$ cat entry_15.txt   # compact mmCIF, C-alpha atoms
# COMPACT_ATOMS: atom_id res chain seq x y z
CA GLN G 25 -4.04 13.65 14.37
CA VAL G 26 -5.12 10.12 15.15
CA GLN G 27 -8.44 9.90 16.92
CA LEU G 28 -10.39 6.87 18.10
CA VAL G 29 -13.91 7.40 19.41
CA GLU G 30 -15.81 4.52 20.98
CA SER G 31 -19.56 4.37 21.40
CA GLY G 32 -22.31 1.87 22.10
CA GLY G 33 -21.69 0.99 25.73
CA GLY G 34 -24.38 0.90 28.37
CA LEU G 35 -26.24 -1.14 30.95
CA VAL G 36 -27.52 -4.54 29.85
CA GLN G 37 -28.95 -7.56 31.62
CA PRO G 38 -27.07 -10.86 31.67
CA GLY G 39 -27.65 -12.69 28.42
CA GLY G 40 -28.16 -9.47 26.53
CA SER G 41 -26.25 -7.95 23.63
CA LEU G 42 -24.43 -4.75 22.81
CA ARG G 43 -22.59 -3.53 19.73
CA LEU G 44 -19.62 -1.27 20.28
CA SER G 45 -18.26 0.98 17.56
CA CYS G 46 -14.91 2.71 17.24
CA ALA G 47 -14.70 5.51 14.68
CA ALA G 48 -11.14 6.21 13.56
CA SER G 49 -9.65 9.24 11.87
CA GLY G 50 -6.26 10.77 11.16
CA PHE G 51 -4.65 7.73 9.58
CA THR G 52 -5.19 5.31 6.70
CA PHE G 53 -7.53 3.02 8.61
CA GLY G 54 -7.58 0.21 6.07
CA GLN G 55 -3.86 -0.35 6.40
CA TYR G 56 -3.79 -1.17 10.10
CA ALA G 57 -4.92 -3.95 12.38
CA MET G 58 -7.26 -2.92 15.15
CA ARG G 59 -7.81 -4.23 18.66
CA TRP G 60 -10.43 -4.04 21.39
CA TYR G 61 -9.31 -4.10 25.03
CA ARG G 62 -11.20 -3.92 28.28
CA GLN G 63 -10.39 -2.95 31.83
CA ALA G 64 -12.46 -3.82 34.87
CA PRO G 65 -11.96 -2.04 38.20
CA GLY G 66 -8.85 -3.35 39.94
CA ASN G 67 -7.76 -5.33 36.90
CA GLU G 68 -5.18 -4.78 34.22
CA ARG G 69 -6.28 -3.86 30.74
CA GLU G 70 -6.71 -7.02 28.69
CA LEU G 71 -6.88 -7.72 24.99
CA VAL G 72 -10.35 -8.90 24.00
CA ALA G 73 -10.25 -9.16 20.21
CA ALA G 74 -8.11 -8.24 17.23
CA ILE G 75 -8.68 -7.98 13.50
CA THR G 76 -6.27 -7.68 10.59
CA SER G 77 -6.27 -4.67 8.30
CA ASP G 78 -8.37 -6.43 5.67
CA GLY G 79 -10.64 -8.12 8.17
CA ALA G 80 -9.63 -11.57 6.96
CA ARG G 81 -8.36 -12.80 10.32
CA THR G 82 -9.62 -12.31 13.84
CA GLU G 83 -8.47 -13.40 17.27
CA TYR G 84 -10.22 -13.52 20.63
CA VAL G 85 -9.39 -14.04 24.26
CA ASP G 86 -10.72 -17.43 25.37
CA SER G 87 -13.30 -15.93 27.71
CA VAL G 88 -15.24 -14.29 24.86
CA LYS G 89 -14.85 -16.86 22.08
CA GLY G 90 -18.20 -17.80 20.61
CA ARG G 91 -19.89 -14.75 22.17
CA PHE G 92 -18.08 -11.71 20.75
CA THR G 93 -17.40 -10.85 17.13
CA ILE G 94 -14.98 -8.20 15.92
CA SER G 95 -15.50 -6.73 12.46
CA ARG G 96 -14.61 -3.65 10.50
CA ASP G 97 -15.88 -1.46 7.70
CA ASN G 98 -12.88 0.15 6.02
CA ALA G 99 -15.14 2.39 3.94
CA LYS G 100 -16.49 3.88 7.17
CA ASN G 101 -13.18 3.82 9.10
CA THR G 102 -14.95 1.93 11.86
CA VAL G 103 -14.29 -1.21 13.86
CA TYR G 104 -17.06 -2.98 15.74
CA LEU G 105 -17.40 -5.39 18.62
CA GLN G 106 -20.64 -7.35 18.69
CA MET G 107 -21.12 -8.76 22.17
CA ASN G 108 -23.75 -11.45 22.74
CA SER G 109 -24.65 -13.58 25.75
CA LEU G 110 -23.13 -10.98 28.03
CA LYS G 111 -22.10 -11.98 31.53
CA PRO G 112 -21.53 -9.87 34.65
CA GLU G 113 -17.81 -10.57 34.32
CA ASP G 114 -17.83 -8.72 30.99
CA THR G 115 -18.42 -5.50 32.91
CA ALA G 116 -15.56 -3.14 32.09
CA VAL G 117 -14.53 -0.06 30.17
CA TYR G 118 -13.91 -1.11 26.58
CA TYR G 119 -11.22 0.61 24.51
CA CYS G 120 -10.17 0.40 20.92
CA ARG G 121 -6.49 0.58 20.08
CA ALA G 122 -4.46 1.29 16.99
CA SER G 123 -0.72 1.10 16.48
CA VAL G 124 0.19 3.55 13.72
CA LEU G 125 3.81 3.86 12.68
CA ARG G 126 4.80 2.26 16.01
CA VAL G 127 2.82 4.77 18.06
CA VAL G 128 -0.04 3.33 20.11
CA TYR G 129 -3.31 5.24 20.25
CA TRP G 130 -6.29 4.61 22.50
CA GLY G 131 -9.83 5.83 22.48
CA GLN G 132 -11.47 7.32 25.56
CA GLY G 133 -13.33 4.11 26.32
CA THR G 134 -17.00 3.18 26.67
CA GLN G 135 -18.48 1.64 29.81
CA VAL G 136 -20.24 -1.70 29.56
CA THR G 137 -22.14 -2.84 32.64
CA VAL G 138 -23.82 -6.24 32.75
CA SER G 139 -26.19 -6.46 35.68
CA SER G 140 -29.73 -7.47 36.55
$ encode --input "entry_15.txt" --output "structure tokens"
Amino acid sequence: QVQLVESGGGLVQPGGSLRLSCAASGFTFGQYAMRWYRQAPGNERELVAAITSDGARTEYVDSVKGRFTISRDNAKNTVYLQMNSLKPEDTAVYYCRASVLRVVYWGQGTQVTVSS
């Protein structure tokens, strides 16, 4: 079955960096686009970044452009989110998402807290 397992979250000071990973299994990873979402308390889940199946194209929400980078390693079935210059407003649970044969799958999420 499809599984997505995020890791790499934690507590970081403003201006710091974190790298999130999402390990995928149960489907042909290299054939599907991947997305990172986040959800802060009281807010709806929002799309943060997306990457095509071959990694050639990426998209970002305006609030993270120039600070976050999405990438993938199809040999390792893993998608990453490098987050630099973190701000308190980036605090949220971060989820990776895959849509496989029109079924949407989510990971369990990893908490990112940006605070001094």
$ atom_distance --input "entry_15.txt" --atom1 "CA of Tyr118 in chain G" --atom2 "CA of Gly33 in chain G"
8.1 Å
$ residues_near_point --input "entry_15.txt" --point "(-25.2, -2.5, 24.9)" --cutoff "9 Å" --atoms "all atoms listed in the file" --output "ChimeraX atom specification"
/G:32-36,40-44,107,136-138
$ atom_distance --input "entry_15.txt" --atom1 "CA of Ala73 in chain G" --atom2 "CA of Val128 in chain G"
16.1 Å
$ residues_around --input "entry_15.txt" --residues "Gln27 in chain G" --least-positions-apart "3" --cutoff "9 Å" --atoms "only C-alpha atoms" --output "number ranges by chain"
G: 47-51, 129-131
$ closest_residue --input "entry_15.txt" --among "G:Cys120, G:Val85, G:Ala64, G:Cys46" --to "Ser31 in chain G" --atoms "all atoms listed in the file"
G:Cys46
$ atom_distance --input "entry_15.txt" --atom1 "CA of Gln132 in chain G" --atom2 "CA of Asp86 in chain G"
24.8 Å
$ closest_residue --input "entry_15.txt" --among "G:Gly66, G:Ser45, G:Ala122, G:Leu110" --to "Thr134 in chain G" --atoms "all atoms listed in the file"
G:Ser45
$ closest_residue --input "entry_15.txt" --among "G:Gly54, G:Gly90, G:Gly79, G:Pro65" --to "Gln135 in chain G" --atoms "only C-alpha atoms"
G:Pro65
$ closest_residue --input "entry_15.txt" --among "G:Tyr119, G:Ser139, G:Gln37, G:Tyr56" --to "Tyr104 in chain G" --atoms "all atoms listed in the file"
G:Tyr119
$ closest_residue --input "entry_15.txt" --among "G:Lys89, G:Arg121, G:Gln25, G:Ser95" --to "Asn108 in chain G" --atoms "all atoms listed in the file"
G:Lys89
